[in-house]
Every structure is written in structure tokens, then in C-alpha cells.
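So this block is final-v3.tsv, TSV, C-alpha atoms:
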chain	number	residue	atom	x	y	z
X	487	MET	CA	34.38	170.89	132.72
X	488	THR	CA	36.58	172.81	135.05
X	489	ASP	CA	39.58	171.51	136.94
X	490	ARG	CA	37.65	172.02	140.17
X	491	LEU	CA	34.75	169.84	139.00
X	492	ILE	CA	37.13	167.10	137.90
X	493	ARG	CA	38.97	167.19	141.25
X	494	HIS	CA	35.62	166.96	143.04
X	495	ALA	CA	34.59	163.95	140.94
X	496	ARG	CA	37.90	162.26	141.73
X	497	SER	CA	37.61	162.92	145.47
X	498	THR	CA	33.94	161.86	145.81
X	499	GLY	CA	34.04	159.01	143.31
X	500	ARG	CA	30.98	160.40	141.55
X	501	PHE	CA	30.39	162.60	138.55
X	502	ALA	CA	28.14	165.65	138.75
X	503	ALA	CA	24.56	164.77	137.77
X	504	ALA	CA	24.69	167.45	135.07
X	505	TRP	CA	27.29	165.34	133.27
X	506	TYR	CA	24.99	162.32	132.96
X	507	LEU	CA	23.75	162.91	129.42
X	508	ALA	CA	27.18	163.52	127.87
X	509	ILE	CA	28.90	160.71	129.76
X	510	SER	CA	26.08	158.21	129.18
X	511	GLN	CA	26.19	158.96	125.45
X	512	ALA	CA	29.97	158.44	125.42
X	513	CYS	CA	29.49	155.17	127.31
X	514	ALA	CA	26.84	154.02	124.84
X	515	ALA	CA	29.13	154.84	121.91
X	516	ALA	CA	31.93	152.85	123.56
X	517	ARG	CA	29.49	150.07	124.50
X	518	VAL	CA	30.34	150.21	128.20
X	519	ASP	CA	28.03	150.34	131.21
X	520	CYS	CA	27.12	153.72	132.67
X	521	PRO	CA	25.73	153.01	136.15
X	522	LEU	CA	23.53	155.67	137.71
X	523	GLY	CA	25.46	155.25	140.94
X	524	ALA	CA	28.46	156.88	139.26
X	525	PHE	CA	26.60	160.21	139.35
X	526	ASN	CA	25.76	162.53	142.21
X	527	PHE	CA	21.99	162.67	141.77
X	528	LYS	CA	19.83	164.14	144.52
X	529	GLU	CA	18.11	161.50	146.60
X	530	VAL	CA	14.34	161.24	146.38
X	531	GLU	CA	12.39	161.45	149.63
X	532	ASP	CA	10.50	158.40	150.81
X	533	ALA	CA	7.27	158.15	148.81
X	534	ASN	CA	5.36	157.24	151.99
X	535	LYS	CA	6.40	160.48	153.63
X	536	GLN	CA	3.74	163.15	153.18
X	537	ALA	CA	4.73	166.60	152.02
X	538	ASP	CA	3.96	169.57	154.21
X	539	PRO	CA	0.44	170.81	153.61
X	540	ALA	CA	0.06	174.03	151.67
X	541	PRO	CA	-0.19	177.10	153.87
X	542	SER	CA	-3.77	178.15	154.49
X	543	SER	CA	-4.92	181.40	153.01
X	544	THR	CA	-7.15	183.96	154.65
X	545	ASN	CA	-8.60	184.76	151.23
X	546	THR	CA	-11.12	182.01	150.49
X	547	GLU	CA	-12.19	183.36	147.09
X	548	ASN	CA	-11.09	181.24	144.17
X	549	PRO	CA	-10.46	183.27	140.99
X	550	HIS	CA	-11.01	180.07	138.97
X	551	ASP	CA	-14.49	179.57	140.41
X	552	PRO	CA	-17.19	180.48	137.80
X	553	ALA	CA	-19.17	182.31	140.53
X	554	PHE	CA	-16.17	184.50	141.25
X	555	LEU	CA	-15.66	185.22	137.55
X	556	LYS	CA	-19.28	186.40	137.20
X	557	ARG	CA	-18.78	188.91	140.04
X	558	ALA	CA	-15.55	190.29	138.61

Reformat the file's structure so that it appears as C-alpha cells.
Amino acid sequence: MTDRLIRHARSTGRFAAAWYLAISQACAAARVDCPLGAFNFKEVEDANKQADPAPSSTNTENPHDPAFLKRA
């Protein structure tokens, strides 16, 4: 942990998500709660929101298609 990371945790009120494992283990050893809200995890997008479709390809041949493999 660097001084900068500790200052950031103090100013935001949250620990870096990368610290979760070490801090949660220390909490468990001390038998104290370790709420997930104490960490700066990335937020998950709404599950109902659809992801952007994959870009279409001009090459329609599928190298995993058995017919394609026979031609190769």
C-alpha cells in the first residue's frame, strides 16, 4: 500500500477493490464485519440492459464449420 492509496481511501471513504481479499481475511481473523460497501468495486450494468450486438463481419465463412474444415 502506498501513501497515495491510503490518502485516497481516507478521502473517498472506500478501500480499493484490490484490497478486498487481504482486508476481508484480516476482518475474519478479528471477527469483525467486512461490508462490501467499504470497497470501491465497479458497478455492474443493469441486467435488463442489452449489450451492443457484435459487429457484423463481411466474411461469412466459419472456420469451426465442418464443411469449411473439409475445404481447407

Counting all atoms listed in the file, the option among X:Ala508, X:Cys513, X:Ile492, X:Arg500 closest to Phe525 (chain X) =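 Comparing X:Ala508, X:Cys513, X:Ile492, X:Arg500 against Phe525 (chain X), the winner is X:Arg500.
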
query = Of the candidates X:Cys520, X:Arg493, X:Thr488, X:Glu529, which shows the shortest atom-to-atom distance to Leu507 (chain X), using all atoms listed in the file?
reply =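 Looking at the shortest contact to Leu507 (chain X), the residue is X:Cys520.
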
ask   = Which residues, protein or nucleic acid, reach to within 6 Å of (27.0, 163.8, 140.4) in the file's coordinates when using all atoms listed in the file, and can you give that as a PyMOL selection string?
value = chain X and resi 500-503+525-527

inquiry  = Quick check, in Å to one decimal: how far apart do CA of Ala524 (chain X) and CA of Gly499 (chain X) lie?
reply    =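 Separation of CA of Ala524 (chain X) and CA of Gly499 (chain X): 7.2 Å.
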
ask   = Separation of CA of Val518 (chain X) and CA of Trp505 (chain X), in Å?
value =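 Distance between the two atoms: 16.2 Å.
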
ask   = Interatomic distance between CA of Thr498 (chain X) and CA of Gly523 (chain X)?
value =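 Calculated distance between CA of Thr498 (chain X) and CA of Gly523 (chain X) is 11.8 Å.
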